[in-house]
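**Q** Contents of entry_20.pdb (PDB, N, CA and C atoms, pLDDT in the B column) are below:
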```pdb
ATOM      1  N   MET A   1      14.577  -0.263 -75.757  1.00 51.00           N
ATOM      2  CA  MET A   1      14.336  -1.142 -76.885  1.00 51.00           C
ATOM      3  C   MET A   1      12.899  -1.649 -76.858  1.00 51.00           C
ATOM      4  N   ARG A   2      12.255  -1.556 -77.996  1.00 59.00           N
ATOM      5  CA  ARG A   2      10.871  -2.021 -78.055  1.00 59.00           C
ATOM      6  C   ARG A   2      10.841  -3.487 -78.474  1.00 59.00           C
ATOM      7  N   ASN A   3       9.913  -4.208 -77.880  1.00 59.00           N
ATOM      8  CA  ASN A   3       9.757  -5.622 -78.208  1.00 59.00           C
ATOM      9  C   ASN A   3       8.441  -5.791 -78.970  1.00 59.00           C
ATOM     10  N   LEU A   4       8.483  -5.575 -80.283  1.00 62.00           N
ATOM     11  CA  LEU A   4       7.289  -5.667 -81.117  1.00 62.00           C
ATOM     12  C   LEU A   4       7.344  -6.915 -81.983  1.00 62.00           C
ATOM     13  N   LYS A   5       6.203  -7.555 -82.106  1.00 71.00           N
ATOM     14  CA  LYS A   5       6.116  -8.724 -82.991  1.00 71.00           C
ATOM     15  C   LYS A   5       5.937  -8.242 -84.423  1.00 71.00           C
ATOM     16  N   SER A   6       6.503  -8.950 -85.326  1.00 68.00           N
ATOM     17  CA  SER A   6       6.324  -8.638 -86.741  1.00 68.00           C
ATOM     18  C   SER A   6       4.978  -9.179 -87.204  1.00 68.00           C
ATOM     19  N   GLU A   7       4.246  -8.361 -87.929  1.00 66.00           N
ATOM     20  CA  GLU A   7       2.965  -8.794 -88.478  1.00 66.00           C
ATOM     21  C   GLU A   7       3.093  -9.146 -89.950  1.00 66.00           C
ATOM     22  N   LYS A   8       4.308  -9.342 -90.380  1.00 67.00           N
ATOM     23  CA  LYS A   8       4.551  -9.681 -91.777  1.00 67.00           C
ATOM     24  C   LYS A   8       3.868 -11.012 -92.099  1.00 67.00           C
ATOM     25  N   GLY A   9       3.079 -11.016 -93.166  1.00 65.00           N
ATOM     26  CA  GLY A   9       2.376 -12.224 -93.586  1.00 65.00           C
ATOM     27  C   GLY A   9       0.997 -12.371 -92.974  1.00 65.00           C
ATOM     28  N   SER A  10       0.608 -11.498 -92.069  1.00 68.00           N
ATOM     29  CA  SER A  10      -0.698 -11.636 -91.436  1.00 68.00           C
ATOM     30  C   SER A  10      -1.823 -11.398 -92.434  1.00 68.00           C
ATOM     31  N   ALA A  11      -1.652 -10.473 -93.361  1.00 79.00           N
ATOM     32  CA  ALA A  11      -2.685 -10.221 -94.367  1.00 79.00           C
ATOM     33  C   ALA A  11      -2.878 -11.451 -95.239  1.00 79.00           C
ATOM     34  N   THR A  12      -1.802 -12.113 -95.578  1.00 85.00           N
ATOM     35  CA  THR A  12      -1.894 -13.329 -96.386  1.00 85.00           C
ATOM     36  C   THR A  12      -2.660 -14.410 -95.643  1.00 85.00           C
ATOM     37  N   ALA A  13      -2.404 -14.551 -94.364  1.00 83.00           N
ATOM     38  CA  ALA A  13      -3.120 -15.543 -93.560  1.00 83.00           C
ATOM     39  C   ALA A  13      -4.598 -15.202 -93.481  1.00 83.00           C
ATOM     40  N   GLU A  14      -4.920 -13.923 -93.347  1.00 88.00           N
ATOM     41  CA  GLU A  14      -6.324 -13.518 -93.305  1.00 88.00           C
ATOM     42  C   GLU A  14      -7.018 -13.809 -94.631  1.00 88.00           C
ATOM     43  N   TYR A  15      -6.343 -13.564 -95.729  1.00 91.00           N
ATOM     44  CA  TYR A  15      -6.925 -13.882 -97.033  1.00 91.00           C
ATOM     45  C   TYR A  15      -7.134 -15.389 -97.165  1.00 91.00           C
ATOM     46  N   ALA A  16      -6.212 -16.168 -96.676  1.00 90.00           N
ATOM     47  CA  ALA A  16      -6.340 -17.625 -96.754  1.00 90.00           C
ATOM     48  C   ALA A  16      -7.541 -18.101 -95.947  1.00 90.00           C
ATOM     49  N   ILE A  17      -7.738 -17.547 -94.763  1.00 93.00           N
ATOM     50  CA  ILE A  17      -8.880 -17.932 -93.929  1.00 93.00           C
ATOM     51  C   ILE A  17     -10.186 -17.530 -94.607  1.00 93.00           C
ATOM     52  N   ALA A  18     -10.247 -16.329 -95.156  1.00 93.00           N
ATOM     53  CA  ALA A  18     -11.459 -15.878 -95.848  1.00 93.00           C
ATOM     54  C   ALA A  18     -11.738 -16.740 -97.070  1.00 93.00           C
ATOM     55  N   THR A  19     -10.697 -17.121 -97.794  1.00 94.00           N
ATOM     56  CA  THR A  19     -10.863 -17.980 -98.967  1.00 94.00           C
ATOM     57  C   THR A  19     -11.389 -19.353 -98.570  1.00 94.00           C
ATOM     58  N   MET A  20     -10.864 -19.905 -97.496  1.00 95.00           N
ATOM     59  CA  MET A  20     -11.325 -21.220 -97.037  1.00 95.00           C
ATOM     60  C   MET A  20     -12.788 -21.151 -96.576  1.00 95.00           C
ATOM     61  N   ALA A  21     -13.166 -20.054 -95.937  1.00 96.00           N
ATOM     62  CA  ALA A  21     -14.561 -19.891 -95.519  1.00 96.00           C
ATOM     63  C   ALA A  21     -15.469 -19.812 -96.744  1.00 96.00           C
ATOM     64  N   ALA A  22     -15.037 -19.095 -97.773  1.00 96.00           N
ATOM     65  CA  ALA A  22     -15.830 -18.977 -98.998  1.00 96.00           C
ATOM     66  C   ALA A  22     -15.969 -20.327 -99.689  1.00 96.00           C
ATOM     67  N   VAL A  23     -14.907 -21.102 -99.717  1.00 96.00           N
ATOM     68  CA  VAL A  23     -14.953 -22.434-100.333  1.00 96.00           C
ATOM     69  C   VAL A  23     -15.908 -23.341 -99.559  1.00 96.00           C
ATOM     70  N   GLY A  24     -15.854 -23.265 -98.235  1.00 95.00           N
ATOM     71  CA  GLY A  24     -16.770 -24.058 -97.420  1.00 95.00           C
ATOM     72  C   GLY A  24     -18.217 -23.678 -97.666  1.00 95.00           C
ATOM     73  N   PHE A  25     -18.493 -22.381 -97.769  1.00 95.00           N
ATOM     74  CA  PHE A  25     -19.847 -21.904 -98.038  1.00 95.00           C
ATOM     75  C   PHE A  25     -20.309 -22.354 -99.415  1.00 95.00           C
ATOM     76  N   ALA A  26     -19.429 -22.283-100.408  1.00 94.00           N
ATOM     77  CA  ALA A  26     -19.773 -22.733-101.757  1.00 94.00           C
ATOM     78  C   ALA A  26     -20.082 -24.225-101.758  1.00 94.00           C
ATOM     79  N   GLY A  27     -19.308 -24.994-101.018  1.00 94.00           N
ATOM     80  CA  GLY A  27     -19.574 -26.432-100.913  1.00 94.00           C
ATOM     81  C   GLY A  27     -20.928 -26.714-100.297  1.00 94.00           C
ATOM     82  N   LEU A  28     -21.279 -25.948 -99.275  1.00 92.00           N
ATOM     83  CA  LEU A  28     -22.586 -26.098 -98.645  1.00 92.00           C
ATOM     84  C   LEU A  28     -23.699 -25.772 -99.633  1.00 92.00           C
ATOM     85  N   LEU A  29     -23.521 -24.712-100.422  1.00 89.00           N
ATOM     86  CA  LEU A  29     -24.519 -24.365-101.434  1.00 89.00           C
ATOM     87  C   LEU A  29     -24.681 -25.466-102.476  1.00 89.00           C
ATOM     88  N   VAL A  30     -23.582 -26.094-102.863  1.00 90.00           N
ATOM     89  CA  VAL A  30     -23.654 -27.190-103.840  1.00 90.00           C
ATOM     90  C   VAL A  30     -24.475 -28.342-103.271  1.00 90.00           C
ATOM     91  N   VAL A  31     -24.232 -28.673-102.008  1.00 89.00           N
ATOM     92  CA  VAL A  31     -24.992 -29.762-101.376  1.00 89.00           C
ATOM     93  C   VAL A  31     -26.472 -29.410-101.321  1.00 89.00           C
ATOM     94  N   ILE A  32     -26.786 -28.169-100.964  1.00 87.00           N
ATOM     95  CA  ILE A  32     -28.184 -27.746-100.891  1.00 87.00           C
ATOM     96  C   ILE A  32     -28.820 -27.773-102.275  1.00 87.00           C
ATOM     97  N   MET A  33     -28.107 -27.302-103.285  1.00 85.00           N
ATOM     98  CA  MET A  33     -28.677 -27.227-104.634  1.00 85.00           C
ATOM     99  C   MET A  33     -28.888 -28.605-105.251  1.00 85.00           C
ATOM    100  N   ARG A  34     -28.214 -29.620-104.748  1.00 89.00           N
ATOM    101  CA  ARG A  34     -28.423 -30.968-105.278  1.00 89.00           C
ATOM    102  C   ARG A  34     -29.712 -31.591-104.756  1.00 89.00           C
ATOM    103  N   SER A  35     -30.304 -30.960-103.762  1.00 89.00           N
ATOM    104  CA  SER A  35     -31.556 -31.443-103.202  1.00 89.00           C
ATOM    105  C   SER A  35     -32.671 -31.274-104.227  1.00 89.00           C
ATOM    106  N   GLU A  36     -33.446 -32.301-104.439  1.00 91.00           N
ATOM    107  CA  GLU A  36     -34.524 -32.261-105.429  1.00 91.00           C
ATOM    108  C   GLU A  36     -35.593 -31.250-105.036  1.00 91.00           C
ATOM    109  N   GLU A  37     -35.875 -31.128-103.750  1.00 91.00           N
ATOM    110  CA  GLU A  37     -36.898 -30.180-103.299  1.00 91.00           C
ATOM    111  C   GLU A  37     -36.481 -28.748-103.602  1.00 91.00           C
ATOM    112  N   VAL A  38     -35.234 -28.424-103.339  1.00 88.00           N
ATOM    113  CA  VAL A  38     -34.741 -27.067-103.591  1.00 88.00           C
ATOM    114  C   VAL A  38     -34.720 -26.793-105.085  1.00 88.00           C
ATOM    115  N   ARG A  39     -34.297 -27.752-105.864  1.00 87.00           N
ATOM    116  CA  ARG A  39     -34.262 -27.585-107.318  1.00 87.00           C
ATOM    117  C   ARG A  39     -35.659 -27.325-107.868  1.00 87.00           C
ATOM    118  N   LYS A  40     -36.645 -28.087-107.389  1.00 92.00           N
ATOM    119  CA  LYS A  40     -38.020 -27.896-107.845  1.00 92.00           C
ATOM    120  C   LYS A  40     -38.549 -26.540-107.405  1.00 92.00           C
ATOM    121  N   LEU A  41     -38.259 -26.137-106.180  1.00 91.00           N
ATOM    122  CA  LEU A  41     -38.708 -24.845-105.676  1.00 91.00           C
ATOM    123  C   LEU A  41     -38.164 -23.700-106.533  1.00 91.00           C
ATOM    124  N   LEU A  42     -36.872 -23.748-106.852  1.00 87.00           N
ATOM    125  CA  LEU A  42     -36.270 -22.705-107.678  1.00 87.00           C
ATOM    126  C   LEU A  42     -36.816 -22.724-109.099  1.00 87.00           C
ATOM    127  N   PHE A  43     -37.014 -23.911-109.650  1.00 90.00           N
ATOM    128  CA  PHE A  43     -37.564 -24.021-110.999  1.00 90.00           C
ATOM    129  C   PHE A  43     -38.973 -23.423-111.048  1.00 90.00           C
ATOM    130  N   ASP A  44     -39.792 -23.763-110.050  1.00 92.00           N
ATOM    131  CA  ASP A  44     -41.152 -23.222-109.993  1.00 92.00           C
ATOM    132  C   ASP A  44     -41.152 -21.707-109.830  1.00 92.00           C
ATOM    133  N   LEU A  45     -40.222 -21.202-109.026  1.00 91.00           N
ATOM    134  CA  LEU A  45     -40.112 -19.768-108.809  1.00 91.00           C
ATOM    135  C   LEU A  45     -39.758 -19.032-110.110  1.00 91.00           C
ATOM    136  N   VAL A  46     -38.791 -19.568-110.854  1.00 90.00           N
ATOM    137  CA  VAL A  46     -38.385 -18.951-112.135  1.00 90.00           C
ATOM    138  C   VAL A  46     -39.526 -19.063-113.139  1.00 90.00           C
ATOM    139  N   ALA A  47     -40.161 -20.207-113.205  1.00 91.00           N
ATOM    140  CA  ALA A  47     -41.272 -20.396-114.152  1.00 91.00           C
ATOM    141  C   ALA A  47     -42.407 -19.424-113.845  1.00 91.00           C
ATOM    142  N   LYS A  48     -42.715 -19.243-112.568  1.00 91.00           N
ATOM    143  CA  LYS A  48     -43.781 -18.309-112.185  1.00 91.00           C
ATOM    144  C   LYS A  48     -43.393 -16.882-112.551  1.00 91.00           C
ATOM    145  N   ALA A  49     -42.158 -16.512-112.320  1.00 89.00           N
ATOM    146  CA  ALA A  49     -41.698 -15.160-112.651  1.00 89.00           C
ATOM    147  C   ALA A  49     -41.778 -14.906-114.158  1.00 89.00           C
ATOM    148  N   LEU A  50     -41.429 -15.894-114.951  1.00 89.00           N
ATOM    149  CA  LEU A  50     -41.487 -15.736-116.402  1.00 89.00           C
ATOM    150  C   LEU A  50     -42.938 -15.704-116.899  1.00 89.00           C
ATOM    151  N   THR A  51     -43.805 -16.442-116.253  1.00 88.00           N
ATOM    152  CA  THR A  51     -45.214 -16.467-116.640  1.00 88.00           C
ATOM    153  C   THR A  51     -45.873 -15.127-116.331  1.00 88.00           C
ATOM    154  N   ILE A  52     -45.575 -14.571-115.183  1.00 74.00           N
ATOM    155  CA  ILE A  52     -46.152 -13.289-114.785  1.00 74.00           C
ATOM    156  C   ILE A  52     -45.658 -12.179-115.729  1.00 74.00           C
ATOM    157  N   GLY A  53     -44.374 -12.237-116.086  1.00 60.00           N
ATOM    158  CA  GLY A  53     -43.807 -11.207-116.950  1.00 60.00           C
ATOM    159  C   GLY A  53     -44.261 -11.311-118.383  1.00 60.00           C
ATOM    160  N   GLY A  54     -44.634 -12.482-118.834  1.00 54.00           N
ATOM    161  CA  GLY A  54     -44.955 -12.659-120.249  1.00 54.00           C
ATOM    162  C   GLY A  54     -46.348 -12.952-120.426  1.00 54.00           C
TER     163      GLY A  54
END
```
Could you write out this file's structure as structure tokens?

**A**
Amino acid sequence: MRNLKSEKGSATAEYAIATMAAVGFAGLLVVIMRSEEVRKLLFDLVAKALTIGG
């Protein structure tokens, strides 16, 4: 007789962990994007790109 553990539901748990990691990363990005320095840097970068192109 083999004594094997069932892996039923393991894929669901892995998806849940990956989803939670993605949510945490998105939250970190929101905090970073609220920074005035980062906002100004990105705005200047886009403005420069549009100026060079036009």

**Q** Interatomic distance between atom N of Val31 in chain A and atom N of Thr12 in chain A?

**A**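 If I compute the distance from atom N of Val31 in chain A to atom N of Thr12 in chain A, I get 28.6 Å.
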
**Q** Provide the CA of Leu42 in chain A to atom C of Val30 in chain A distance in Å, to one decimal place.

**A**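 That distance, rounded to one decimal, is 13.8 Å.
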
**Q** Would you work out the distance separating CA of Met33 in chain A from CA of Thr51 in chain A, expressed in Å to one decimal?

**A**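 Calculated distance between CA of Met33 in chain A and CA of Thr51 in chain A is 23.1 Å.
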
**Q** I'd like the box whose edges run along x, y and z of the file and which contains every listed atom of range 30-41 of chain A, padded by 3 Å per side; could you state its centre and edge lengths in Å, one decimal, as AutoDock Vina command-line options?

**A**
```
--center_x -31.1 --center_y -28.0 --center_z -104.4 --size_x 21.1 --size_y 14.6 --size_z 13.0
```
